[in-house]
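The file my_file23.tsv contains TSV, C-alpha atoms:
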chain	number	residue	atom	x	y	z
V	149	GLN	CA	96.16	98.68	105.24
V	150	LEU	CA	98.19	101.61	104.03
V	151	GLN	CA	96.77	105.07	103.56
V	152	LEU	CA	98.34	106.37	100.38
V	153	ALA	CA	98.41	109.88	98.95
V	154	GLU	CA	99.51	110.57	95.37
V	155	SER	CA	100.62	113.80	93.79
V	156	GLY	CA	102.33	115.01	90.65
V	157	GLY	CA	99.80	114.40	87.93
V	158	GLY	CA	98.93	116.99	85.33
V	159	SER	CA	98.82	117.79	81.65
V	160	VAL	CA	101.81	117.54	79.38
V	161	GLN	CA	102.53	117.44	75.68
V	162	ALA	CA	103.67	114.27	73.99
V	163	GLY	CA	107.34	113.65	74.59
V	164	GLY	CA	107.24	115.41	77.94
V	165	SER	CA	107.92	114.15	81.44
V	166	LEU	CA	106.15	113.96	84.78
V	167	ARG	CA	107.04	112.53	88.16
V	168	LEU	CA	104.37	111.04	90.37
V	169	SER	CA	104.83	110.71	94.12
V	170	CYS	CA	103.08	108.49	96.62
V	171	VAL	CA	103.53	108.74	100.36
V	172	ALA	CA	102.20	106.70	103.25
V	173	PRO	CA	102.45	109.33	105.98
V	174	ARG	CA	100.62	107.41	108.70
V	175	SER	CA	102.33	104.10	108.17
V	176	ILE	CA	104.78	102.66	110.63
V	177	LEU	CA	108.07	102.18	108.81
V	178	SER	CA	108.30	98.48	109.60
V	179	VAL	CA	104.83	97.97	108.14
V	180	PHE	CA	105.55	99.99	104.99
V	181	ASN	CA	108.62	97.88	104.35
V	182	GLN	CA	106.48	94.76	104.16
V	183	TYR	CA	104.64	96.07	101.12
V	184	VAL	CA	105.36	95.63	97.45
V	185	MET	CA	104.58	99.07	96.09
V	186	GLY	CA	103.38	99.83	92.61
V	187	TRP	CA	101.69	102.13	90.17
V	188	TYR	CA	98.63	101.17	88.19
V	189	ARG	CA	96.61	103.16	85.71
V	190	GLN	CA	93.12	103.17	84.29
V	191	ALA	CA	92.20	104.86	81.04
V	192	PRO	CA	88.58	105.70	80.17
V	193	GLY	CA	86.70	102.59	79.16
V	194	LYS	CA	89.60	100.29	80.01
V	195	GLN	CA	90.52	98.03	82.90
V	196	ARG	CA	93.06	99.05	85.48
V	197	GLU	CA	96.51	97.80	84.52
V	198	MET	CA	99.84	97.43	86.23
V	199	VAL	CA	102.45	99.98	85.22
V	200	ALA	CA	105.35	99.18	87.54
V	201	THR	CA	106.06	97.52	90.88
V	202	ILE	CA	108.97	97.59	93.30
V	203	THR	CA	109.83	95.40	96.26
V	204	ARG	CA	111.40	96.51	99.50
V	205	ASP	CA	114.87	95.63	98.25
V	206	GLY	CA	114.35	97.49	94.96
V	207	THR	CA	113.47	94.70	92.56
V	208	THR	CA	111.33	96.24	89.83
V	209	ASN	CA	108.86	95.03	87.26
V	210	TYR	CA	107.42	97.04	84.37
V	211	ALA	CA	104.64	96.73	81.88
V	212	THR	CA	106.04	96.19	78.41
V	213	SER	CA	104.46	99.42	77.19
V	214	VAL	CA	106.45	101.59	79.60
V	215	LYS	CA	109.81	99.80	79.74
V	216	GLY	CA	112.64	102.18	79.01
V	217	ARG	CA	110.42	105.23	79.55
V	218	PHE	CA	109.20	104.96	83.13
V	219	THR	CA	111.21	104.38	86.30
V	220	ILE	CA	109.81	103.36	89.66
V	221	SER	CA	111.77	103.98	92.85
V	222	ARG	CA	111.15	104.01	96.57
V	223	HIS	CA	112.70	105.49	99.67
V	224	ASN	CA	111.72	103.26	102.54
V	225	SER	CA	112.63	105.57	105.42
V	226	ARG	CA	110.56	108.32	103.79
V	227	LYS	CA	107.73	105.87	103.06
V	228	THR	CA	107.61	107.24	99.54
V	229	VAL	CA	107.38	105.79	96.05
V	230	TRP	CA	107.95	107.67	92.81
V	231	LEU	CA	107.17	107.06	89.18
V	232	GLN	CA	109.36	109.04	86.80
V	233	MET	CA	107.70	109.14	83.40
V	234	THR	CA	109.54	110.29	80.31
V	235	GLY	CA	108.70	110.16	76.62
V	236	LEU	CA	105.03	110.41	77.45
V	237	GLN	CA	102.57	109.41	74.75
V	238	SER	CA	98.87	110.03	74.34
V	239	GLU	CA	98.30	106.35	75.19
V	240	ASP	CA	99.67	107.08	78.67
V	241	THR	CA	96.68	109.27	79.45
V	242	ALA	CA	94.93	107.75	82.46
V	243	VAL	CA	94.28	108.03	86.15
V	244	TYR	CA	97.33	106.68	87.94
V	245	TYR	CA	96.93	104.90	91.24
V	246	CYS	CA	99.51	104.10	93.86
V	247	ASN	CA	99.21	100.58	95.24
V	248	GLY	CA	100.59	98.70	98.19
V	249	ARG	CA	100.27	94.92	98.30
V	250	ARG	CA	100.93	92.58	101.21
V	251	ASP	CA	99.73	89.03	101.71
V	252	GLY	CA	97.36	89.36	98.77
V	253	SER	CA	95.68	92.46	100.18
V	254	ASP	CA	95.72	95.76	98.29
V	255	SER	CA	95.76	99.34	99.47
V	256	TRP	CA	95.02	102.12	96.96
V	257	GLY	CA	95.49	105.82	96.74
V	258	GLN	CA	92.81	108.14	95.41
V	259	GLY	CA	94.45	108.45	91.98
V	260	THR	CA	96.00	111.30	90.07
V	261	GLN	CA	95.15	112.28	86.50
V	262	VAL	CA	97.82	112.29	83.79
V	263	THR	CA	96.83	113.77	80.46
V	264	VAL	CA	99.14	113.71	77.46
V	265	SER	CA	98.23	115.78	74.43
V	266	SER	CA	99.64	115.14	70.99
Spit out the file's structure as structure tokens when you get a sec.
Amino acid sequence: QLQLAESGGGSVQAGGSLRLSCVAPRSILSVFNQYVMGWYRQAPGKQREMVATITRDGTTNYATSVKGRFTISRHNSRKTVWLQMTGLQSEDTAVYYCNGRRDGSDSWGQGTQVTVSS
């Protein structure tokens, strides 16, 4: 499994931007490259939901609610994944989790809080 560490959360006003980072510092590069990486979020009282995913070769997938506003990217040699969030809305308030998935097995970061005030 990957050990993942997120950073970059915080509080922002509606319409603002944040960039989340996720790094797998202890992972061997060849292992990291086997993972589909993603960002998920969980708002109070709601289930965790997929926000965006990215494969090793850069194929991305987004939740409908964030398309056109959020961008996921990865730098394999740096074992890092980012989520650039723009046009933030109050509905984006949640704890955001970095995820790595391989062969049906998930690795999770500890989560980082994003709070958007209107």
So which residues are close to (103.1, 109.7, 109.5), meaning at most 12 Å away in the file's coordinates with all atoms listed in the file counted, and can you show them as a PyMOL selection string?
chain V and resi 150-153+171-177+179-180+225-228
Go ahead and save the residues from that selection, with C-alpha atoms, as a short mmCIF file (atom, residue, chain, number, x, y, z; two decimals), in the frame of the given file.
data_model
loop_
_atom_site.label_atom_id
_atom_site.label_comp_id
_atom_site.auth_asym_id
_atom_site.auth_seq_id
_atom_site.Cartn_x
_atom_site.Cartn_y
_atom_site.Cartn_z
CA LEU V 150 98.19 101.61 104.03
CA GLN V 151 96.77 105.07 103.56
CA LEU V 152 98.34 106.37 100.38
CA ALA V 153 98.41 109.88 98.95
CA VAL V 171 103.53 108.74 100.36
CA ALA V 172 102.20 106.70 103.25
CA PRO V 173 102.45 109.33 105.98
CA ARG V 174 100.62 107.41 108.70
CA SER V 175 102.33 104.10 108.17
CA ILE V 176 104.78 102.66 110.63
CA LEU V 177 108.07 102.18 108.81
CA VAL V 179 104.83 97.97 108.14
CA PHE V 180 105.55 99.99 104.99
CA SER V 225 112.63 105.57 105.42
CA ARG V 226 110.56 108.32 103.79
CA LYS V 227 107.73 105.87 103.06
CA THR V 228 107.61 107.24 99.54
#
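The list of residues with at least one atom within 10 Å of Asp254 (chain V), based on only C-alpha atoms and without residues fewer than 2 positions apart in the same chain, reads Gln149, Leu150, Tyr183, Val184, Met185, Asn247, Gly248, Arg249, Arg250, Asp251, Gly252 and Trp256 of chain V.
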Have a look at V:Thr260, V:Gly206, V:Asn181, V:Glu239 and name the one nearest to Lys194 (chain V); count all atoms listed in the file.
V:Glu239
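Shortest separation to Phe218 (chain V) among V:Ser155, V:Thr263, V:Ser165, V:Ser238 occurs at residue V:Ser165, atoms counted being all atoms listed in the file.
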From the options V:Gly235, V:Val160, V:Ser169, V:Cys246, which residue's atoms come nearest to Ala200 (chain V), counting all atoms listed in the file?
V:Cys246
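We find CA of Thr201 (chain V) and CA of Gly158 (chain V) to be spaced 21.5 Å apart.
Closest to Thr241 (chain V) among V:Pro192, V:Gly259, V:Gly156, V:Gly163 is V:Pro192, based on all atoms listed in the file.
Checking V:Gln261, V:Tyr210, V:Thr219, V:Glu197 one by one against Ala242 (chain V), counting all atoms listed in the file, you find the shortest gap at V:Gln261.
Across V:Gln237, V:Ser255, V:Ser266, V:Gln232, the tightest approach to Arg167 (chain V) is made by V:Gln232 when counting only C-alpha atoms.
Put simply, CA of Ile202 (chain V) is 28.3 Å away from CA of Ser265 (chain V).
Taking CA of Leu168 (chain V) as the reference point, CA of Arg204 (chain V) is found at 18.5 Å.
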Test item: which residues lie within 9 Å of (107.9, 104.3, 77.5) counting only C-alpha atoms, as a list in words
Thr212, Ser213, Val214, Lys215, Gly216, Arg217, Phe218, Met233, Thr234, Gly235, Leu236, Gln237 and Asp240 of chain V
File dump, residues just selected, C-alpha atoms, as a short mmCIF file (atom, residue, chain, number, x, y, z; two decimals), in the coordinates of the input:
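File result.cif, as written:
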data_model
loop_
_atom_site.label_atom_id
_atom_site.label_comp_id
_atom_site.auth_asym_id
_atom_site.auth_seq_id
_atom_site.Cartn_x
_atom_site.Cartn_y
_atom_site.Cartn_z
CA THR V 212 106.04 96.19 78.41
CA SER V 213 104.46 99.42 77.19
CA VAL V 214 106.45 101.59 79.60
CA LYS V 215 109.81 99.80 79.74
CA GLY V 216 112.64 102.18 79.01
CA ARG V 217 110.42 105.23 79.55
CA PHE V 218 109.20 104.96 83.13
CA MET V 233 107.70 109.14 83.40
CA THR V 234 109.54 110.29 80.31
CA GLY V 235 108.70 110.16 76.62
CA LEU V 236 105.03 110.41 77.45
CA GLN V 237 102.57 109.41 74.75
CA ASP V 240 99.67 107.08 78.67
#
